[in-house]
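File shown: upload_22.txt. Contents: compact mmCIF, C-alpha atoms (C1' of nucleotides).
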# COMPACT_ATOMS: atom_id res chain seq x y z
CA MET A 1 86.66 119.66 76.06
CA ALA A 2 86.59 121.55 79.32
CA GLY A 3 90.01 122.49 80.58
CA PRO A 4 91.42 121.10 83.76
CA HIS A 5 89.48 122.23 86.74
CA ILE A 6 91.25 124.37 89.29
CA SER A 7 89.33 124.27 92.54
CA SER A 8 88.31 127.56 94.10
CA GLU A 9 88.39 128.11 97.85
CA GLU A 10 84.59 128.38 97.73
CA GLU A 11 84.29 124.90 96.31
CA THR A 12 86.68 123.24 98.71
CA LYS A 13 84.66 124.65 101.63
CA GLU A 14 81.55 123.12 100.12
CA ARG A 15 83.41 119.89 99.77
CA THR A 16 84.37 119.93 103.43
CA SER A 17 80.83 120.49 104.63
CA GLY A 18 79.48 117.96 102.15
CA TRP A 19 81.81 115.27 103.47
CA ILE A 20 80.91 116.09 107.06
CA ALA A 21 77.21 115.88 106.17
CA SER A 22 77.73 112.52 104.45
CA LEU A 23 79.52 111.10 107.46
CA ALA A 24 76.73 112.32 109.74
CA ASP A 25 73.99 111.01 107.42
CA ARG A 26 75.61 107.66 107.47
CA GLY A 27 75.45 107.69 111.26
CA TYR A 28 79.11 108.34 111.94
CA ARG A 29 79.84 110.81 114.71
CA ILE A 30 81.49 114.09 113.91
CA THR A 31 84.56 114.41 116.08
CA GLY A 32 87.40 116.90 116.12
CA SER A 33 89.70 114.25 114.69
CA ARG A 34 87.42 113.46 111.78
CA ARG A 35 86.88 117.12 111.10
CA ALA A 36 90.64 117.63 110.95
CA VAL A 37 91.14 114.81 108.43
CA VAL A 38 88.26 116.05 106.29
CA ASP A 39 89.46 119.65 106.40
CA VAL A 40 92.98 118.78 105.36
CA LEU A 41 92.14 116.48 102.49
CA ALA A 42 89.06 118.28 101.17
CA GLU A 43 90.93 121.56 100.95
CA SER A 44 94.19 120.23 99.58
CA GLY A 45 94.98 120.64 95.90
CA THR A 46 97.49 117.82 96.14
CA SER A 47 97.37 114.15 96.94
CA LEU A 48 98.31 113.38 100.53
CA SER A 49 99.59 110.26 102.27
CA PRO A 50 98.12 109.23 105.62
CA ALA A 51 101.29 110.50 107.29
CA GLU A 52 100.97 113.89 105.59
CA ILE A 53 97.31 114.16 106.55
CA TYR A 54 98.30 113.28 110.11
CA GLU A 55 100.97 115.95 110.19
CA GLN A 56 98.79 118.68 108.67
CA GLY A 57 95.79 117.58 110.69
CA ARG A 58 97.64 118.10 113.94
CA ALA A 59 97.84 121.79 113.15
CA VAL A 60 94.03 121.83 113.32
CA HIS A 61 93.45 119.32 116.09
CA LYS A 62 96.60 118.66 118.04
CA GLN A 63 95.67 115.36 119.69
CA LEU A 64 94.88 113.71 116.33
CA GLY A 65 96.31 110.19 116.06
CA LEU A 66 97.61 108.52 112.93
CA VAL A 67 95.33 105.55 113.53
CA THR A 68 92.32 107.82 113.30
CA VAL A 69 93.60 109.17 110.00
CA TYR A 70 93.58 105.62 108.63
CA ARG A 71 90.16 104.92 110.07
CA THR A 72 88.65 108.13 108.75
CA LEU A 73 90.09 107.58 105.28
CA GLU A 74 88.54 104.12 105.33
CA LYS A 75 85.12 105.63 105.99
CA LEU A 76 85.48 108.40 103.43
CA GLU A 77 86.57 105.82 100.89
CA GLU A 78 83.59 103.62 101.70
CA LEU A 79 81.32 106.62 101.12
CA GLY A 80 82.98 107.22 97.73
CA LEU A 81 84.26 110.64 98.80
CA VAL A 82 87.98 109.96 98.63
CA GLN A 83 90.11 107.47 96.77
CA ARG A 84 93.66 106.32 96.63
CA VAL A 85 95.60 107.78 93.77
CA HIS A 86 97.97 105.51 91.89
CA ARG A 87 101.18 106.81 90.43
CA PRO A 88 104.18 105.08 88.86
CA ASP A 89 106.15 105.56 92.07
CA GLY A 90 103.47 104.36 94.44
CA CYS A 91 99.87 104.49 95.51
CA HIS A 92 99.92 105.55 99.13
CA ALA A 93 98.25 108.91 98.70
CA TYR A 94 94.62 109.99 98.76
CA ILE A 95 92.60 112.57 96.84
CA PRO A 96 88.96 113.71 96.71
CA ALA A 97 87.32 111.04 94.56
CA LEU A 98 86.69 111.40 90.84
CA ARG A 99 83.06 112.10 89.99
CA GLY A 100 81.27 111.03 86.84
CA HIS A 101 83.60 110.85 83.88
CA GLU A 102 86.45 112.85 85.32
CA HIS A 103 90.03 111.88 84.63
CA LEU A 104 93.28 112.90 86.30
CA LEU A 105 96.35 114.95 85.56
CA LEU A 106 99.00 114.61 88.24
CA CYS A 107 102.17 116.50 89.02
CA GLU A 108 105.02 114.06 89.62
CA GLN A 109 106.90 116.59 91.73
CA CYS A 110 104.42 118.02 94.19
CA GLY A 111 101.47 115.64 93.94
CA ARG A 112 99.12 118.35 92.67
CA VAL A 113 95.95 116.95 91.12
CA GLU A 114 93.83 118.36 88.31
CA TYR A 115 90.52 116.87 87.29
CA PHE A 116 89.40 117.10 83.69
CA ARG A 117 86.55 115.88 81.56
CA GLY A 118 86.21 115.50 77.89
CA ASP A 119 87.20 112.08 76.71
CA ASP A 120 84.49 109.53 76.32
CA LEU A 121 85.96 106.07 76.53
CA SER A 122 82.69 104.18 76.48
CA GLU A 123 82.90 103.37 72.79
CA LEU A 124 86.44 102.05 73.14
CA SER A 125 85.30 100.14 76.22
CA ARG A 126 82.47 98.44 74.32
CA ARG A 127 84.77 97.56 71.45
CA LEU A 128 87.30 96.05 73.83
CA GLU A 129 84.59 94.05 75.54
CA GLY A 130 83.57 92.57 72.23
CA GLU A 131 87.06 91.70 71.15
CA SER A 132 88.40 90.39 74.44
CA GLY A 133 85.41 88.64 75.97
CA TYR A 134 85.88 90.66 79.16
CA THR A 135 83.06 92.38 80.99
CA ILE A 136 84.52 95.81 81.65
CA HIS A 137 83.55 97.60 84.86
CA ASP A 138 85.85 100.55 85.13
CA HIS A 139 88.74 102.41 83.61
CA TRP A 140 91.45 104.89 84.43
CA LEU A 141 92.82 107.61 82.22
CA GLN A 142 95.63 109.49 83.93
CA PHE A 143 98.30 111.85 82.72
CA PHE A 144 101.55 112.47 84.57
CA GLY A 145 103.74 115.52 84.26
CA VAL A 146 105.13 118.55 85.99
CA CYS A 147 102.83 121.43 86.89
CA SER A 148 103.63 125.02 86.02
CA GLN A 149 104.67 125.83 89.59
CA CYS A 150 107.18 122.98 89.68
CA GLN A 151 108.84 123.66 86.34
CA MET B 1 92.06 99.09 66.35
CA ALA B 2 93.91 95.86 66.89
CA GLY B 3 92.19 93.55 69.31
CA PRO B 4 93.71 92.65 72.61
CA HIS B 5 96.80 90.63 72.23
CA ILE B 6 96.81 87.11 73.60
CA SER B 7 100.38 85.93 74.01
CA SER B 8 101.38 82.68 72.38
CA GLU B 9 103.77 80.25 74.05
CA GLU B 10 106.25 81.01 71.29
CA GLU B 11 106.30 84.67 72.17
CA THR B 12 106.68 84.19 75.88
CA LYS B 13 109.74 81.99 75.27
CA GLU B 14 111.22 84.77 73.20
CA ARG B 15 110.46 87.16 75.99
CA THR B 16 112.29 84.97 78.49
CA SER B 17 115.43 84.75 76.37
CA GLY B 18 115.27 88.45 75.56
CA TRP B 19 115.16 89.37 79.22
CA ILE B 20 118.06 87.05 80.01
CA ALA B 21 120.04 88.59 77.15
CA SER B 22 119.30 92.11 78.40
CA LEU B 23 120.45 91.25 81.90
CA ALA B 24 123.66 89.74 80.51
CA ASP B 25 124.27 92.68 78.16
CA ARG B 26 123.96 95.00 81.06
CA GLY B 27 126.67 93.03 82.85
CA TYR B 28 124.43 91.24 85.34
CA ARG B 29 125.25 87.60 85.94
CA ILE B 30 122.80 84.94 84.94
CA THR B 31 122.09 82.79 87.95
CA GLY B 32 119.58 80.06 88.60
CA SER B 33 117.62 82.40 90.82
CA ARG B 34 117.38 85.14 88.21
CA ARG B 35 116.45 82.63 85.57
CA ALA B 36 113.63 81.39 87.77
CA VAL B 37 112.22 84.88 88.33
CA VAL B 38 112.45 85.69 84.63
CA ASP B 39 110.86 82.40 83.59
CA VAL B 40 107.93 82.81 85.91
CA LEU B 41 107.08 86.40 85.10
CA ALA B 42 107.89 86.36 81.38
CA GLU B 43 105.68 83.34 80.81
CA SER B 44 102.80 84.36 83.02
CA GLY B 45 99.65 85.76 81.46
CA THR B 46 98.72 87.32 84.78
CA SER B 47 100.20 89.92 87.06
CA LEU B 48 102.17 88.43 89.93
CA SER B 49 103.20 89.74 93.34
CA PRO B 50 106.75 89.19 94.59
CA ALA B 51 105.41 86.50 96.92
CA GLU B 52 103.69 84.71 94.03
CA ILE B 53 106.81 84.88 91.90
CA TYR B 54 108.75 83.49 94.84
CA GLU B 55 106.36 80.62 95.28
CA GLN B 56 106.20 79.72 91.58
CA GLY B 57 109.91 80.29 91.16
CA ARG B 58 110.73 77.72 93.80
CA ALA B 59 109.20 75.08 91.58
CA VAL B 60 111.95 75.88 89.05
CA HIS B 61 114.84 76.63 91.41
CA LYS B 62 114.14 75.36 94.87
CA GLN B 63 116.66 77.43 96.83
CA LEU B 64 115.28 80.72 95.46
CA GLY B 65 114.90 83.38 98.16
CA LEU B 66 112.26 86.05 98.34
CA VAL B 67 114.93 88.73 98.67
CA THR B 68 116.34 87.74 95.31
CA VAL B 69 112.90 88.04 93.77
CA TYR B 70 112.77 91.66 94.95
CA ARG B 71 116.30 92.33 93.74
CA THR B 72 115.71 90.78 90.34
CA LEU B 73 112.46 92.68 89.85
CA GLU B 74 114.37 95.87 90.64
CA LYS B 75 116.84 95.12 87.86
CA LEU B 76 114.21 94.12 85.35
CA GLU B 77 112.31 97.29 86.16
CA GLU B 78 115.44 99.38 85.71
CA LEU B 79 115.92 97.79 82.28
CA GLY B 80 112.31 98.67 81.38
CA LEU B 81 111.36 95.01 80.98
CA VAL B 82 108.84 94.76 83.78
CA GLN B 83 106.65 97.24 85.62
CA ARG B 84 104.35 97.38 88.56
CA VAL B 85 100.71 97.21 87.65
CA HIS B 86 98.27 99.38 89.57
CA ARG B 87 94.73 98.31 90.24
CA PRO B 88 91.95 99.78 92.36
CA ASP B 89 92.65 97.23 95.06
CA GLY B 90 96.42 97.59 95.11
CA CYS B 91 99.63 97.89 93.21
CA HIS B 92 101.88 95.17 94.47
CA ALA B 93 101.99 93.07 91.32
CA TYR B 94 104.31 93.02 88.34
CA ILE B 95 103.80 92.42 84.62
CA PRO B 96 105.96 92.47 81.49
CA ALA B 97 106.25 96.17 80.70
CA LEU B 98 104.08 97.98 78.17
CA ARG B 99 105.85 98.74 74.93
CA GLY B 100 105.19 101.69 72.66
CA HIS B 101 101.60 102.84 72.84
CA GLU B 102 100.15 99.76 74.44
CA HIS B 103 97.42 100.03 77.04
CA LEU B 104 96.08 97.54 79.55
CA LEU B 105 92.98 95.52 80.17
CA LEU B 106 93.03 93.72 83.51
CA CYS B 107 90.93 91.00 85.04
CA GLU B 108 89.95 91.97 88.57
CA GLN B 109 89.46 88.34 89.56
CA CYS B 110 92.53 86.48 88.36
CA GLY B 111 94.95 89.26 87.51
CA ARG B 112 95.11 88.31 83.83
CA VAL B 113 96.56 91.05 81.65
CA GLU B 114 95.78 91.92 78.03
CA TYR B 115 97.73 94.46 76.08
CA PHE B 116 96.00 96.45 73.37
CA ARG B 117 96.82 99.25 71.00
CA GLY B 118 94.63 101.60 69.11
CA ASP B 119 93.99 104.74 71.03
CA ASP B 120 96.25 107.66 70.39
CA LEU B 121 96.18 110.00 73.34
CA SER B 122 98.89 112.34 72.09
CA GLU B 123 96.42 114.92 70.80
CA LEU B 124 94.52 114.96 74.08
CA SER B 125 97.85 115.13 75.89
CA ARG B 126 98.95 118.19 73.92
CA ARG B 127 95.62 119.88 74.48
CA LEU B 128 95.84 119.26 78.20
CA GLU B 129 99.38 120.60 78.30
CA GLY B 130 98.21 123.81 76.71
CA GLU B 131 95.26 124.26 79.01
CA SER B 132 96.88 123.25 82.26
CA GLY B 133 100.41 124.55 81.92
CA TYR B 134 101.76 121.10 82.81
CA THR B 135 104.54 119.39 80.90
CA ILE B 136 103.14 115.91 80.40
CA HIS B 137 105.56 112.97 80.41
CA ASP B 138 103.42 109.90 80.55
CA HIS B 139 99.93 108.52 80.75
CA TRP B 140 97.99 105.43 81.68
CA LEU B 141 94.90 104.08 80.02
CA GLN B 142 93.66 100.98 81.78
CA PHE B 143 90.41 99.06 81.70
CA PHE B 144 89.27 96.78 84.50
CA GLY B 145 86.83 93.93 84.21
CA VAL B 146 86.32 90.21 84.42
CA CYS B 147 87.85 87.96 81.78
CA SER B 148 85.86 85.29 79.96
CA GLN B 149 87.40 82.50 82.04
CA CYS B 150 86.38 84.16 85.29
CA GLN B 151 82.78 84.96 84.38
C1' DG C 1 70.86 121.14 130.15
C1' DA C 2 71.94 116.49 132.34
C1' DT C 3 72.78 111.72 131.51
C1' DA C 4 73.35 107.11 129.66
C1' DT C 5 75.63 104.51 126.32
C1' DA C 6 77.59 102.99 122.29
C1' DA C 7 80.87 104.95 119.11
C1' DT C 8 85.32 106.77 118.90
C1' DT C 9 89.71 107.83 120.51
C1' DG C 10 95.10 107.50 120.91
C1' DA C 11 98.90 104.65 122.52
C1' DA C 12 101.02 100.49 122.29
C1' DA C 13 101.38 95.97 120.42
C1' DA C 14 100.92 93.07 116.46
C1' DT C 15 101.24 92.11 111.65
C1' DA C 16 102.77 92.45 106.87
C1' DA C 17 105.66 94.09 103.26
C1' DT C 18 110.04 95.49 101.96
C1' DT C 19 114.97 96.55 102.59
C1' DT C 20 119.44 95.99 104.71
C1' DT C 21 123.25 93.40 106.57
C1' DC C 22 126.49 89.90 106.32
C1' DA C 23 129.08 85.69 105.83
C1' DC C 24 129.07 82.34 102.30
C1' DT C 25 128.76 80.83 97.32
C1' DT C 26 129.38 81.08 92.41
C1' DA C 27 129.39 82.98 87.42
C1' DG C 28 132.30 83.96 84.19
C1' DC C 29 136.78 86.22 82.82
C1' DG C 30 141.54 85.19 82.09
C1' DC D 1 141.08 75.60 86.56
C1' DG D 2 141.41 79.44 89.74
C1' DC D 3 140.27 84.26 91.08
C1' DT D 4 137.38 87.67 92.43
C1' DA D 5 133.70 90.69 92.38
C1' DA D 6 128.83 89.91 91.94
C1' DG D 7 125.20 87.50 93.80
C1' DT D 8 123.07 84.57 97.30
C1' DG D 9 119.70 83.32 101.27
C1' DA D 10 118.79 83.85 106.21
C1' DA D 11 118.08 86.85 109.73
C1' DA D 12 117.60 91.42 111.40
C1' DA D 13 115.91 95.99 110.65
C1' DT D 14 112.73 99.17 108.86
C1' DT D 15 108.32 100.92 107.34
C1' DA D 16 103.42 100.94 106.62
C1' DT D 17 99.25 99.41 108.30
C1' DT D 18 95.99 97.04 111.46
C1' DT D 19 94.45 95.37 115.88
C1' DT D 20 93.73 95.64 120.79
C1' DC D 21 92.18 97.95 124.71
C1' DA D 22 91.11 101.05 128.41
C1' DA D 23 89.72 105.81 128.54
C1' DT D 24 86.96 109.54 126.44
C1' DT D 25 83.09 111.77 124.16
C1' DA D 26 79.18 112.72 120.66
C1' DT D 27 74.63 112.43 120.55
C1' DA D 28 69.87 110.56 121.45
C1' DT D 29 66.72 110.76 125.20
C1' DC D 30 64.96 112.54 128.96
This entry written out as C-alpha cells:
Amino acid sequence: MAGPHISSEEETKERTSGWIASLADRGYRITGSRRAVVDVLAESGTSLSPAEIYEQGRAVHKQLGLVTVYRTLEKLEELGLVQRVHRPDGCHAYIPALRGHEHLLLCEQCGRVEYFRGDDLSELSRRLEGESGYTIHDHWLQFFGVCSQCQ
Amino acid sequence: MAGPHISSEEETKERTSGWIASLADRGYRITGSRRAVVDVLAESGTSLSPAEIYEQGRAVHKQLGLVTVYRTLEKLEELGLVQRVHRPDGCHAYIPALRGHEHLLLCEQCGRVEYFRGDDLSELSRRLEGESGYTIHDHWLQFFGVCSQCQ
DNA sequence: GATATAATTGAAAATAATTTTCACTTAGCG
DNA sequence: CGCTAAGTGAAAATTATTTTCAATTATATC
C-alpha cells in the first residue's frame, strides 16, 4: 500500500491551474473571485467551510462575496473537482475531490486531509450486492484521528 | 462474512425498550414525547430526519413538538444509541447507532439502512497510523446503492 | 484595441434548519 | 397525593444557505 499522500507545493499549483482550465473549458468565465476561491481551496491541505474560504479568499481578492464562494463551490463540485467532506461533527467543509480509488484520513482537530490508496473494496462490494440485493454505486472509507502536528 | 442484517420486528421492539431503559437509567424522565421519538426511530428500517421523526411521531403522540425531537435525539446521541448518518447528498438524518465493528449499506432512494459485519480494518488502521503519524480514533466504511425494493 | 452582450458580481432579502427563551405542565420521588 | 425539578411546546432568535436584482465585467467579435 502506498502511504498517505502529502501534497507538494508543486502539485497544488498544478491543481489550481487545472481547475481554472476546467472552468474555462466548460465555458465559465474566469474572474478574480473565482480565482480566489480556487486558489484557497486547491492549495489548502485542510478542509475548509464556505465561510473559511470566504475569509481566506478576501486576502487574495478583497471584494470577494460569500455568495460567490457558494456559487463557485457549486460549479467546482459539478465538475467533480471538489467535494464536501463528511465528518462525525458535520459536513459543511470542502476538499479537493477524491480521484480513482483514493480514501481519506482526516484530522479531527485541524481538518487536515490525507489521501491514501491501497484498499480494494470491490470484492467486498460485490459480495454485499449478492447478499443484500442492493445495486451498489459508491462507497466511503474514511479514517478519523489526530495528525502529528495536532498531538 | 455475515450477510447484511435485516431487523426483525422482535428486535426493534427490544431496541425500543432498551433505549427507554437507558434514558431512565441515566435519570431522564420518560414522557410521551420521548417515547414517540424512540418508537419511531428504533422501529424504522430507514434513516429519518428530525422533521420526519416529528411527523411520524405525531401519529403516536399528537402534541409532540419538533423542538423535543431535536432534544431527544441529542440525548439518545449522547447515550450512544443513535447517530447521524452521512450520505453524499447530506447528513441530516438519524439511525440507530452502529455497534462494535458494524458498517453500513445505505439505499440512496429510500434511506433504508443495512448493518453488516465482516471487514476488519484494524490492520489497515495501524498501518496508516505508522505511515501518516496520525493517531486514529475511528473510521467509517459505508456503501451506497439502491435496495431491491427501490430498483 | 474597442465594443456589445450575456455571464457574473456583491448586497440585501428570503428561506430553511436548528437553537434558545420562557411560562406552563408533568413524571416520579417521598 | 403533593412537591418540585425536569421537561414541554410555541414563538423568537440564530445560523447557514439561496434567491433576487441592479450594477459590473470577461470575452467573443469586430
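Take the candidates C:DT26, C:DT3, C:DT20, C:DT15 and check each one against D:DA12 using only C-alpha atoms (C1' of nucleotides); the shortest distance goes to C:DT20.
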* Test item: residues at most 8 Å from stretch 22-28 of chain D, all atoms listed in the file, excluding those fewer than 2 positions along its chain, as an MDAnalysis selection string -> (chainID A and resid 29:31) or (chainID C and resid 8:9)
For the interface of chain B with chain A (cut-off 9 Å, counting all atoms listed in the file), please tabulate each contacting residue of chain B alongside its nearest pair of atoms and their separation in Å to one decimal, rows sorted by chain and increasing number, as a tab-separated table.
residue	atom	partner	partner_atom	distance
B:Gly3	CA	A:Glu131	CA	5.8
B:Pro4	CA	A:Ser132	CA	6.1
B:His5	CA	A:Ser132	CA	8.7
B:Gln83	CA	A:Pro88	CA	8.8
B:Arg84	CA	A:Pro88	CA	7.7
B:Val85	CA	A:Pro88	CA	8.7
B:His86	CA	A:His86	CA	6.6
B:Arg87	CA	A:His86	CA	8.1
B:Pro88	CA	A:Arg84	CA	8.0
B:Gly90	CA	A:Cys91	CA	7.7
B:Cys91	CA	A:Cys91	CA	7.0
B:Leu105	CA	A:Leu128	CA	8.5
B:Leu106	CA	A:Tyr134	CA	8.9
B:Cys107	CA	A:Tyr134	CA	7.8
B:Glu114	CA	A:Ser132	CA	8.3
B:Phe116	CA	A:Leu128	CA	8.7
B:Asp119	CA	A:Leu124	CA	8.3
B:Leu124	CA	A:Asp119	CA	8.3
B:Ser125	CA	A:Phe143	CA	7.6
B:Arg127	CA	A:Gly3	CA	8.7
B:Leu128	CA	A:Gly3	CA	7.1
B:Glu129	CA	A:Gly145	CA	9.0
B:Glu131	CA	A:Gly3	CA	5.8
B:Ser132	CA	A:Pro4	CA	6.1
B:Gly133	CA	A:Ser148	CA	5.2
B:Tyr134	CA	A:Cys147	CA	4.2
B:Thr135	CA	A:Gly145	CA	5.2
B:Ile136	CA	A:Gly145	CA	3.9
B:His137	CA	A:Gly145	CA	5.0
B:Asp138	CA	A:Phe144	CA	5.1
B:His139	CA	A:Phe143	CA	4.2
B:Trp140	CA	A:Gln142	CA	5.2
B:Leu141	CA	A:Leu141	CA	4.7
B:Gln142	CA	A:Trp140	CA	5.2
B:Phe143	CA	A:His139	CA	4.2
B:Phe144	CA	A:Asp138	CA	5.1
B:Gly145	CA	A:Ile136	CA	3.9
B:Val146	CA	A:Thr135	CA	5.2
B:Cys147	CA	A:Tyr134	CA	4.2
B:Ser148	CA	A:Gly133	CA	5.2
B:Gln149	CA	A:Tyr134	CA	8.8
B:Cys150	CA	A:Tyr134	CA	8.9
B:Gln151	CA	A:Thr135	CA	8.2
* 12 Å contacts from chain A to chain C using all atoms listed in the file, as a PyMOL selection string -> chain A and resi 27-34+62-69+71-72
* Structure fact -> Expressed in Å, the length from atom CA of B:Cys110 to atom CA of B:Arg58 is 20.9 Å
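Atom pair atom CA of A:Ser47 / atom CA of A:Gly111 has a distance of 5.3 Å (rounded to one decimal).
Atom C1' of D:DT15 lies 25.5 Å from atom CA of A:Pro96.
Residue nearest chain B, chosen from D:DT14, D:DT19, D:DT8, D:DT29 and counting all atoms listed in the file: D:DT8.
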Report the centre and edge lengths, in Å to one decimal, of an axis-aligned box enclosing every atom of stretch 3-19 of chain D listed in the file, padded by 4 Å on each side, as AutoDock Vina command-line options.
--center_x 117.4 --center_y 92.1 --center_z 103.5 --size_x 53.8 --size_y 25.6 --size_z 32.8
* All residues 9 Å or closer to B:Arg35, only C-alpha atoms (C1' of nucleotides), same chain fewer than 3 positions away omitted, as a list in words -> Thr16, Ile20, Ile30, Thr31, Gly32, Val38, Asp39, Val40, Gly57, Val60 and His61 of chain B
Using all atoms listed in the file and a distance of at most 9 Å, pull out the residues of chain D that contact chain B, as a compact mmCIF listing (two decimals) with C-alpha atoms (C1' of nucleotides), keeping the file's coordinate frame.
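So the final result, stored in part_1.txt, reads:
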# COMPACT_ATOMS: atom_id res chain seq x y z
C1' DA D 6 128.83 89.91 91.94
C1' DG D 7 125.20 87.50 93.80
C1' DT D 8 123.07 84.57 97.30
C1' DG D 9 119.70 83.32 101.27
C1' DA D 10 118.79 83.85 106.21
